[in-house]
$ cat structure.tsv   # TSV, C-alpha atoms
chain	number	residue	atom	x	y	z
A	53	MET	CA	7.90	-26.41	22.73
A	54	VAL	CA	5.95	-23.56	24.36
A	55	ASP	CA	8.49	-21.09	22.92
A	56	ASP	CA	7.92	-22.58	19.44
A	57	GLU	CA	4.17	-22.11	19.79
A	58	ILE	CA	4.62	-18.51	20.98
A	59	GLU	CA	7.01	-17.87	18.07
A	60	ARG	CA	4.53	-19.38	15.59
A	61	GLY	CA	1.74	-17.30	17.10
A	62	ASN	CA	3.81	-14.12	16.79
A	63	GLN	CA	4.67	-14.93	13.17
A	64	GLN	CA	0.98	-15.47	12.33
A	65	LYS	CA	0.10	-12.18	14.06
A	66	ASN	CA	2.80	-10.33	12.11
A	67	ALA	CA	1.68	-11.90	8.82
A	68	LEU	CA	-1.93	-10.86	9.55
A	69	GLN	CA	-0.78	-7.30	10.35
A	70	GLN	CA	1.21	-7.19	7.11
A	71	TRP	CA	-1.79	-8.39	5.09
A	72	LEU	CA	-4.08	-5.86	6.77
A	73	PHE	CA	-1.84	-2.79	6.66
A	74	ASN	CA	0.71	-3.50	3.94
A	75	PRO	CA	-0.62	-6.20	1.59
A	76	PHE	CA	1.41	-4.63	-1.23
A	77	GLN	CA	4.49	-6.48	0.04
A	78	PHE	CA	2.79	-9.59	-1.27
A	79	ILE	CA	0.47	-8.43	-4.04
A	80	ALA	CA	0.77	-5.82	-6.78
A	81	GLY	CA	0.59	-5.66	-10.58
A	82	GLY	CA	-2.16	-7.31	-12.64
A	83	SER	CA	-3.68	-9.45	-9.86
A	84	ALA	CA	-3.96	-6.47	-7.48
A	85	LEU	CA	-5.51	-4.41	-10.30
A	86	LEU	CA	-8.20	-7.02	-11.01
A	87	ILE	CA	-9.05	-7.60	-7.34
A	88	GLY	CA	-8.90	-3.88	-6.51
A	89	LEU	CA	-11.12	-2.83	-9.41
A	90	ALA	CA	-13.61	-5.63	-8.72
A	91	ILE	CA	-13.91	-4.56	-5.05
A	92	THR	CA	-14.14	-0.87	-6.03
A	93	LEU	CA	-16.98	-1.53	-8.50
A	94	ILE	CA	-18.84	-3.75	-5.99
A	95	THR	CA	-18.47	-0.90	-3.46
A	96	ALA	CA	-20.04	1.52	-5.96
A	97	TYR	CA	-22.88	-0.95	-6.66
A	98	LEU	CA	-23.63	-1.36	-2.94
A	99	GLY	CA	-23.44	2.42	-2.60
A	100	SER	CA	-26.04	2.81	-5.35
A	101	LEU	CA	-28.50	0.70	-3.31
A	102	SER	CA	-28.51	3.28	-0.49
A	103	ASN	CA	-27.71	6.37	-2.64
A	104	THR	CA	-24.23	6.54	-1.09
A	105	HIS	CA	-21.97	8.62	-3.31
A	106	PHE	CA	-18.16	8.29	-3.23
A	107	ASP	CA	-17.91	11.81	-4.60
A	108	GLY	CA	-14.22	12.43	-3.96
A	109	VAL	CA	-11.09	10.40	-3.23
A	110	LEU	CA	-11.91	10.37	0.50
A	111	ASP	CA	-15.61	11.24	0.38
A	112	LEU	CA	-18.67	9.22	1.26
A	113	HIS	CA	-22.04	11.00	1.31
A	114	ILE	CA	-25.66	9.94	1.33
A	115	GLY	CA	-27.14	11.88	-1.57
A	116	LYS	CA	-29.59	11.93	-4.44
A	117	ALA	CA	-30.71	8.90	-6.43
A	118	ALA	CA	-28.74	8.47	-9.66
A	119	PRO	CA	-28.33	5.80	-12.33
A	120	LEU	CA	-25.86	2.98	-11.58
A	121	TRP	CA	-23.37	4.20	-14.21
A	122	PHE	CA	-22.95	7.43	-12.25
A	123	PHE	CA	-22.00	5.59	-9.03
A	124	LEU	CA	-19.55	3.41	-10.98
A	125	THR	CA	-18.02	6.45	-12.73
A	126	GLU	CA	-17.59	8.24	-9.39
A	127	VAL	CA	-15.36	5.50	-7.93
A	128	LEU	CA	-13.39	5.20	-11.18
A	129	ILE	CA	-12.74	8.97	-11.17
A	130	ASP	CA	-11.59	8.73	-7.51
A	131	TRP	CA	-9.21	5.89	-8.34
A	132	LEU	CA	-7.83	7.52	-11.50
A	133	CYS	CA	-7.29	10.89	-9.79
A	134	ILE	CA	-5.31	9.52	-6.83
A	135	SER	CA	-3.34	7.13	-9.06
A	136	VAL	CA	-2.35	9.75	-11.64
A	137	VAL	CA	-1.43	12.37	-9.00
A	138	LEU	CA	0.66	9.90	-6.96
A	139	LEU	CA	2.27	8.60	-10.16
A	140	ILE	CA	3.43	12.14	-10.98
A	141	ALA	CA	4.55	12.60	-7.34
A	142	GLY	CA	6.49	9.34	-7.61
A	143	PHE	CA	8.24	10.50	-10.79
A	144	ILE	CA	9.29	13.71	-9.00
A	145	VAL	CA	10.27	12.27	-5.61
A	146	SER	CA	11.49	8.70	-6.23
A	147	HIS	CA	15.07	7.90	-7.19
A	148	SER	CA	14.09	4.41	-8.37
A	149	SER	CA	12.50	3.25	-11.56
A	150	PHE	CA	9.03	1.79	-11.01
A	151	ARG	CA	6.16	0.28	-12.98
A	152	ILE	CA	3.10	2.43	-13.70
A	153	ILE	CA	0.80	-0.59	-13.29
A	154	ASP	CA	1.96	-1.03	-9.67
A	155	VAL	CA	0.85	2.52	-8.78
A	156	PHE	CA	-2.59	2.02	-10.35
A	157	SER	CA	-3.10	-1.53	-9.05
A	158	THR	CA	-2.07	-0.87	-5.44
A	159	GLN	CA	-4.19	2.29	-5.30
A	160	ALA	CA	-7.19	0.27	-6.55
A	161	LEU	CA	-6.63	-2.34	-3.83
A	162	ALA	CA	-6.09	0.36	-1.19
A	163	ARG	CA	-9.74	1.40	-1.66
A	164	ALA	CA	-10.98	-2.01	-0.40
A	165	PRO	CA	-11.88	-0.77	3.14
A	166	TYR	CA	-14.63	1.40	1.63
A	167	LEU	CA	-16.46	-1.81	0.73
A	168	PHE	CA	-17.13	-2.24	4.48
A	169	ALA	CA	-18.05	1.44	4.74
A	170	ALA	CA	-20.61	0.99	1.94
A	171	ILE	CA	-22.09	-1.99	3.82
A	172	ALA	CA	-22.13	-0.07	7.13
A	173	VAL	CA	-24.28	2.74	5.69
A	174	MET	CA	-26.73	0.42	3.91
A	175	PRO	CA	-29.28	-0.08	6.75
A	176	LYS	CA	-32.41	1.99	6.16
A	177	GLY	CA	-32.10	3.34	9.72
A	178	PHE	CA	-28.75	4.96	8.87
A	179	VAL	CA	-30.14	6.57	5.70
A	180	ARG	CA	-33.29	7.81	7.48
A	181	PHE	CA	-31.27	9.38	10.29
A	182	ALA	CA	-28.81	10.97	7.83
A	183	GLU	CA	-31.72	12.47	5.87
A	184	TYR	CA	-33.30	13.64	9.13
A	185	LEU	CA	-30.06	15.40	10.18
A	186	ALA	CA	-29.65	16.95	6.71
A	187	SER	CA	-33.21	18.35	6.75
A	188	LYS	CA	-32.62	19.71	10.29
A	189	ALA	CA	-29.37	21.35	9.18
A	190	MET	CA	-31.13	22.98	6.20
A	191	GLN	CA	-34.06	23.97	8.44
A	192	GLN	CA	-36.54	22.04	6.30
A	193	ALA	CA	-39.33	19.72	7.37
A	194	PRO	CA	-38.05	16.11	7.72
A	195	THR	CA	-39.03	13.95	4.71
A	196	SER	CA	-39.37	10.79	6.79
A	197	THR	CA	-40.05	9.92	10.40
A	198	ILE	CA	-37.20	8.33	12.29
A	199	GLN	CA	-37.43	5.26	14.50
A	200	ASN	CA	-35.79	4.64	17.89
A	201	SER	CA	-33.05	2.39	16.52
A	202	ASP	CA	-32.08	4.79	13.69
A	203	ALA	CA	-29.70	6.84	15.85
A	204	LEU	CA	-27.89	3.65	16.90
A	205	PHE	CA	-27.49	2.57	13.24
A	206	PHE	CA	-26.21	6.05	12.43
A	207	VAL	CA	-23.63	6.13	15.25
A	208	LEU	CA	-22.38	2.61	14.52
A	209	GLY	CA	-22.23	3.30	10.77
A	210	THR	CA	-20.36	6.57	11.31
A	211	VAL	CA	-17.78	4.85	13.56
A	212	VAL	CA	-17.23	2.14	10.91
A	213	VAL	CA	-16.90	4.76	8.14
A	214	ILE	CA	-14.28	6.73	10.13
A	215	LEU	CA	-12.29	3.56	10.89
A	216	MET	CA	-12.45	2.49	7.24
A	217	LEU	CA	-11.33	5.97	6.13
A	218	VAL	CA	-8.26	5.77	8.40
A	219	TRP	CA	-7.50	2.24	7.16
A	220	MET	CA	-7.90	3.31	3.51
A	221	VAL	CA	-5.57	6.31	3.86
A	222	THR	CA	-2.99	4.07	5.60
A	223	LEU	CA	-3.21	1.60	2.71
A	224	MET	CA	-2.99	4.41	0.12
A	225	TYR	CA	0.22	5.65	1.73
A	226	ARG	CA	1.72	2.14	1.94
A	227	ALA	CA	0.73	1.54	-1.70
A	228	TYR	CA	2.49	4.74	-2.76
A	229	SER	CA	5.58	3.98	-0.64
A	230	VAL	CA	5.97	0.41	-1.97
A	231	SER	CA	5.06	1.01	-5.62
A	232	CYS	CA	7.25	4.14	-6.04
A	233	ASN	CA	9.94	3.13	-3.50
A	234	VAL	CA	9.78	6.33	-1.46
A	235	LYS	CA	10.25	6.51	2.30
A	236	GLY	CA	10.54	8.97	5.18
A	237	GLY	CA	9.65	12.65	5.15
A	238	ARG	CA	9.69	12.97	1.35
A	239	ALA	CA	7.16	10.14	1.08
A	240	VAL	CA	4.83	11.56	3.75
A	241	GLY	CA	5.03	15.15	2.40
A	242	SER	CA	4.48	14.21	-1.24
A	243	PHE	CA	1.66	11.82	-0.27
A	244	ILE	CA	-0.23	14.46	1.73
A	245	ALA	CA	0.19	17.02	-1.08
A	246	GLY	CA	-0.91	14.42	-3.64
A	247	LEU	CA	-3.93	13.42	-1.58
A	248	ILE	CA	-5.11	17.04	-1.31
A	249	ILE	CA	-4.63	17.66	-5.04
A	250	ALA	CA	-6.38	14.38	-5.95
A	251	GLU	CA	-9.28	15.21	-3.61
A	252	ILE	CA	-9.80	18.61	-5.28
A	253	LEU	CA	-9.45	17.12	-8.78
A	254	SER	CA	-11.86	14.26	-8.13
A	255	LYS	CA	-14.51	16.47	-6.50
A	256	THR	CA	-14.29	18.93	-9.40
A	257	ALA	CA	-14.49	16.16	-12.02
A	258	ILE	CA	-17.49	14.47	-10.36
A	259	TRP	CA	-19.27	17.79	-9.89
A	260	GLN	CA	-18.68	18.64	-13.57
A	261	LEU	CA	-19.99	15.20	-14.59
A	262	ALA	CA	-23.12	15.67	-12.49
A	263	VAL	CA	-23.75	19.14	-13.97
A	264	ARG	CA	-23.12	18.11	-17.58
A	265	THR	CA	-25.35	15.04	-17.35
A	266	GLY	CA	-28.14	16.98	-15.66
A	267	LEU	CA	-27.96	15.03	-12.40
A	268	LEU	CA	-27.34	18.17	-10.34
B	291	MET	CA	31.78	-23.95	7.57
B	292	LYS	CA	30.94	-20.68	9.35
B	293	LYS	CA	29.52	-17.74	7.40
B	294	LEU	CA	31.93	-14.89	6.71
B	295	PRO	CA	31.20	-11.88	8.94
B	296	ALA	CA	31.53	-8.49	7.21
B	297	ILE	CA	30.95	-6.16	10.17
B	298	CYS	CA	32.87	-6.12	13.46
B	299	PRO	CA	30.53	-7.24	16.26
B	300	ALA	CA	32.39	-5.01	18.76
B	301	CYS	CA	32.58	-1.62	16.98
B	302	GLN	CA	30.36	-2.15	13.87
B	303	ASN	CA	33.26	-1.26	11.55
B	304	GLN	CA	34.06	-2.98	8.26
B	305	LEU	CA	36.15	-6.15	8.73
B	306	ASN	CA	39.13	-7.07	6.54
B	307	ILE	CA	40.78	-10.44	5.91
B	308	LYS	CA	44.12	-10.97	7.61
B	309	LYS	CA	44.84	-14.62	6.95
B	310	LEU	CA	43.96	-17.11	4.22
B	311	SER	CA	44.75	-20.82	4.27
B	312	CYS	CA	44.57	-23.74	1.86
B	313	GLN	CA	42.59	-26.63	3.30
B	314	LYS	CA	44.47	-29.16	1.12
B	315	CYS	CA	48.14	-28.30	1.73
B	316	SER	CA	47.76	-26.00	4.76
B	317	THR	CA	49.60	-23.13	3.03
B	318	GLU	CA	48.83	-19.90	4.85
B	319	ILE	CA	48.98	-16.37	3.45
B	320	GLU	CA	48.99	-13.42	5.80
B	321	GLY	CA	48.36	-9.80	4.87
B	322	LEU	CA	45.56	-7.27	4.82
B	323	PHE	CA	42.93	-8.04	2.21
B	324	GLU	CA	39.74	-6.07	1.61
B	325	LEU	CA	36.46	-7.91	1.33
B	326	PRO	CA	34.95	-7.61	-2.17
B	327	PRO	CA	31.81	-5.37	-2.31
B	328	LEU	CA	29.35	-8.27	-2.50
B	329	ALA	CA	30.94	-9.97	0.52
B	330	ARG	CA	30.38	-6.81	2.54
B	331	LEU	CA	26.61	-7.14	2.25
B	332	SER	CA	24.58	-8.75	5.03
B	333	VAL	CA	24.03	-12.50	4.76
B	334	GLU	CA	20.38	-11.91	3.75
B	335	ASP	CA	21.39	-9.48	1.00
B	336	GLN	CA	24.09	-11.88	-0.24
B	337	GLU	CA	21.52	-14.69	-0.42
B	338	PHE	CA	19.12	-12.36	-2.27
B	339	THR	CA	21.85	-11.43	-4.78
B	340	LEU	CA	22.79	-15.08	-5.31
B	341	GLN	CA	19.13	-15.98	-5.90
B	342	PHE	CA	18.75	-13.04	-8.28
B	343	VAL	CA	21.67	-14.26	-10.40
B	344	LYS	CA	20.27	-17.81	-10.38
B	345	CYS	CA	16.96	-16.37	-11.66
B	346	SER	CA	18.84	-14.81	-14.60
B	347	GLY	CA	18.07	-11.36	-13.21
B	348	SER	CA	14.31	-11.82	-13.48
B	349	LEU	CA	12.51	-9.82	-10.79
B	350	LYS	CA	9.24	-11.54	-11.68
B	351	GLU	CA	10.79	-14.95	-11.05
B	352	MET	CA	12.30	-13.67	-7.79
B	353	ALA	CA	8.91	-12.36	-6.68
B	354	ARG	CA	7.35	-15.75	-7.43
B	355	LEU	CA	10.07	-17.64	-5.54
B	356	LEU	CA	10.05	-15.35	-2.48
B	357	LYS	CA	6.21	-15.02	-2.51
B	358	LEU	CA	6.58	-11.25	-2.50
B	359	SER	CA	5.23	-8.58	-4.85
B	360	TYR	CA	7.28	-7.30	-7.79
B	361	PRO	CA	7.82	-3.77	-6.35
B	362	THR	CA	8.91	-5.21	-2.97
B	363	VAL	CA	11.58	-7.34	-4.65
B	364	ARG	CA	12.65	-4.43	-6.85
B	365	ASN	CA	12.92	-2.15	-3.77
B	366	GLN	CA	15.11	-4.76	-2.06
B	367	LEU	CA	17.37	-4.85	-5.14
B	368	ASP	CA	17.53	-1.03	-5.20
B	369	LYS	CA	18.63	-1.09	-1.54
B	370	ILE	CA	21.45	-3.52	-2.37
B	371	ILE	CA	22.52	-1.41	-5.38
B	372	GLU	CA	22.70	1.64	-3.10
B	373	GLN	CA	24.85	-0.27	-0.61
B	374	ILE	CA	27.24	-1.45	-3.35
B	375	LYS	CA	27.49	2.12	-4.71
B	376	ASP	CA	28.30	3.38	-1.20
B	377	VAL	CA	31.04	0.76	-0.84
B	378	GLU	CA	32.50	1.71	-4.24
B	379	ASN	CA	32.42	5.40	-3.33
B	380	GLN	CA	34.31	4.69	-0.09
B	381	GLU	CA	37.17	3.00	-1.99

$ encode --input "structure.tsv" --output "structure tokens"
Amino acid sequence: MVDDEIERGNQQKNALQQWLFNPFQFIAGGSALLIGLAITLITAYLGSLSNTHFDGVLDLHIGKAAPLWFFLTEVLIDWLCISVVLLIAGFIVSHSSFRIIDVFSTQALARAPYLFAAIAVMPKGFVRFAEYLASKAMQQAPTSTIQNSDALFFVLGTVVVILMLVWMVTLMYRAYSVSCNVKGGRAVGSFIAGLIIAEILSKTAIWQLAVRTGLL
Amino acid sequence: MKKLPAICPACQNQLNIKKLSCQKCSTEIEGLFELPPLARLSVEDQEFTLQFVKCSGSLKEMARLLKLSYPTVRNQLDKIIEQIKDVENQE
């Protein structure tokens, strides 16, 4: 009886771990695409409220005010860059046939942790302290006065962002591994190379967009 | 009836069939018979293959039945295909 309860508890723990770190065993395709894109766009909207730019596949920066469409386009560029690069990597490395929609949908869902990162940097205290540090770094006069609790908001927010970044990269790798059926050293090597290429591509594309639309 | 083991529990080698018997008339045939490729798969993989055939080879239907994603089911099938190819190459 006690053994059964322990067994059931272990199974629930394993299921939770699977859902947190490899949900793609259970969800992919159209449903993952819809949920992933919805979460990604909500993340961009929340980011726009605190001028948080997702200006690269892995990037999150407090920056200048911009219209909502720019924040939404930033996250879509991030998602498209990583998906296309990993799709090409999958074609090169994988010995299996796989569906293109699974690569795009799982990569969209893998970006879900950044929703929590966007929430973590929303408090005004975080933004004030970030602006204060930026003005210090550029040796300019601070634009706003900081309050006692701002540093606490900044430290807590930064910790959450780092944890969410690690979680997101883990999910991106799992998404790539499951959707393209690649494992081991080939999977890790091609994923790291793909991530670096996608990061460069997305940063360049977003920078170009900002320049061409006069936002920079 | 017990499930047919494919791997020797002592040395992990491939098992063969030495004796067959008819349950109706008790006729017994002795010899050395190889297990067919599908019978050499693990019990889980045999059950997966059986289910796959019952689903008319539809991975989508399999994914729905097993409550797994399409790529996970397809990866499992790819693993079984690799195992069958290995068995065929050994022969």

$ interface_residues --input "structure.tsv" --of "chain A" --to "chain B" --cutoff "7 Å" --atoms "all atoms listed in the file" --output "VMD selection string"
chain A and resid 76 to 80 230 to 231 233

$ write_last_selection --input "structure.tsv" --atoms "C-alpha atoms" --output "mmCIF file, in the coordinates of the input"
data_model
loop_
_atom_site.group_PDB
_atom_site.id
_atom_site.type_symbol
_atom_site.label_atom_id
_atom_site.label_comp_id
_atom_site.auth_asym_id
_atom_site.auth_seq_id
_atom_site.Cartn_x
_atom_site.Cartn_y
_atom_site.Cartn_z
ATOM 1 C CA PHE A 76 1.410 -4.630 -1.230
ATOM 2 C CA GLN A 77 4.490 -6.480 0.040
ATOM 3 C CA PHE A 78 2.790 -9.590 -1.270
ATOM 4 C CA ILE A 79 0.470 -8.430 -4.040
ATOM 5 C CA ALA A 80 0.770 -5.820 -6.780
ATOM 6 C CA VAL A 230 5.970 0.410 -1.970
ATOM 7 C CA SER A 231 5.060 1.010 -5.620
ATOM 8 C CA ASN A 233 9.940 3.130 -3.500
#

$ closest_residue --input "structure.tsv" --among "A:Ala170, A:Ala90, A:Cys232, A:Ile258" --to "Arg151 of chain A" --atoms "only C-alpha atoms"
A:Cys232

$ residues_near_point --input "structure.tsv" --point "(27.3, -2.6, 9.8)" --cutoff "12 Å" --atoms "only C-alpha atoms" --output "PDB file with C-alpha atoms, in the coordinates of the input"
ATOM      1  CA  PRO B 295      31.200 -11.880   8.940  1.00  0.00           C
ATOM      2  CA  ALA B 296      31.530  -8.490   7.210  1.00  0.00           C
ATOM      3  CA  ILE B 297      30.950  -6.160  10.170  1.00  0.00           C
ATOM      4  CA  CYS B 298      32.870  -6.120  13.460  1.00  0.00           C
ATOM      5  CA  PRO B 299      30.530  -7.240  16.260  1.00  0.00           C
ATOM      6  CA  ALA B 300      32.390  -5.010  18.760  1.00  0.00           C
ATOM      7  CA  CYS B 301      32.580  -1.620  16.980  1.00  0.00           C
ATOM      8  CA  GLN B 302      30.360  -2.150  13.870  1.00  0.00           C
ATOM      9  CA  ASN B 303      33.260  -1.260  11.550  1.00  0.00           C
ATOM     10  CA  GLN B 304      34.060  -2.980   8.260  1.00  0.00           C
ATOM     11  CA  LEU B 305      36.150  -6.150   8.730  1.00  0.00           C
ATOM     12  CA  ARG B 330      30.380  -6.810   2.540  1.00  0.00           C
ATOM     13  CA  LEU B 331      26.610  -7.140   2.250  1.00  0.00           C
ATOM     14  CA  SER B 332      24.580  -8.750   5.030  1.00  0.00           C
ATOM     15  CA  VAL B 333      24.030 -12.500   4.760  1.00  0.00           C
ATOM     16  CA  GLN B 373      24.850  -0.270  -0.610  1.00  0.00           C
ATOM     17  CA  VAL B 377      31.040   0.760  -0.840  1.00  0.00           C
TER      18      VAL B 377
END

$ axis_aligned_box --input "structure.tsv" --around "segment 160-165 of chain A" --padding-each-side "4 Å" --output "lines of an AutoDock Vina configuration file"
center_x = -9.0
center_y = -0.5
center_z = -1.7
size_x = 13.8
size_y = 11.7
size_z = 17.7

$ closest_residue --input "structure.tsv" --among "A:Gly266, A:Gly209, A:Met216, A:Leu253" --to "Trp131 of chain A" --atoms "all atoms listed in the file"
A:Leu253

$ atom_distance --input "structure.tsv" --atom1 "atom CA of Val263 of chain A" --atom2 "atom CA of Ala141 of chain A"
29.8 Å

$ closest_residue --input "structure.tsv" --among "A:His147, A:Lys176, A:Lys65, A:Arg60" --to "Ser102 of chain A" --atoms "only C-alpha atoms"
A:Lys176

$ residues_around --input "structure.tsv" --residues "Thr265 of chain A" --least-positions-apart "5" --cutoff "12 Å" --atoms "all atoms listed in the file" --output "MDAnalysis selection string"
chainID A and resid 118:119 121:122 258:260

$ closest_residue --input "structure.tsv" --among "A:Val179, A:Leu72, A:Val221, A:Ala162" --to "Gly246 of chain A" --atoms "all atoms listed in the file"
A:Val221

$ atom_distance --input "structure.tsv" --atom1 "atom CA of Lys255 of chain A" --atom2 "atom CA of Gly108 of chain A"
4.8 Å

$ atom_distance --input "structure.tsv" --atom1 "atom CA of Thr95 of chain A" --atom2 "atom CA of Val218 of chain A"
17.0 Å

$ closest_residue --input "structure.tsv" --among "A:Leu223, A:Leu128, A:Ile171, A:Ala186" --to "Leu208 of chain A" --atoms "all atoms listed in the file"
A:Ile171

$ residues_around --input "structure.tsv" --residues "Glu381 of chain B" --least-positions-apart "4" --cutoff "12 Å" --atoms "all atoms listed in the file" --output "list in words"
Glu324, Leu325, Pro326, Pro327, Ile374, Lys375, Asp376 and Val377 of chain B

$ residues_around --input "structure.tsv" --residues "Val173 of chain A" --least-positions-apart "4" --cutoff "10 Å" --atoms "all atoms listed in the file" --output "list in words"
Leu98, Gly99, Ser102, Asn103, Thr104, Leu112, His113, Ile114, Phe168, Ala169, Gly177, Phe178, Val179, Ala182, Phe205, Phe206, Leu208, Gly209, Thr210, Val212 and Val213 of chain A

$ residues_around --input "structure.tsv" --residues "Phe323 of chain B" --least-positions-apart "2" --cutoff "8 Å" --atoms "all atoms listed in the file" --output "PyMOL selection string"
chain B and resi 306-308+321+325

$ closest_residue --input "structure.tsv" --among "A:Leu120, A:Leu101, A:Ala172, A:Ile153" --to "Leu215 of chain A" --atoms "all atoms listed in the file"
A:Ala172
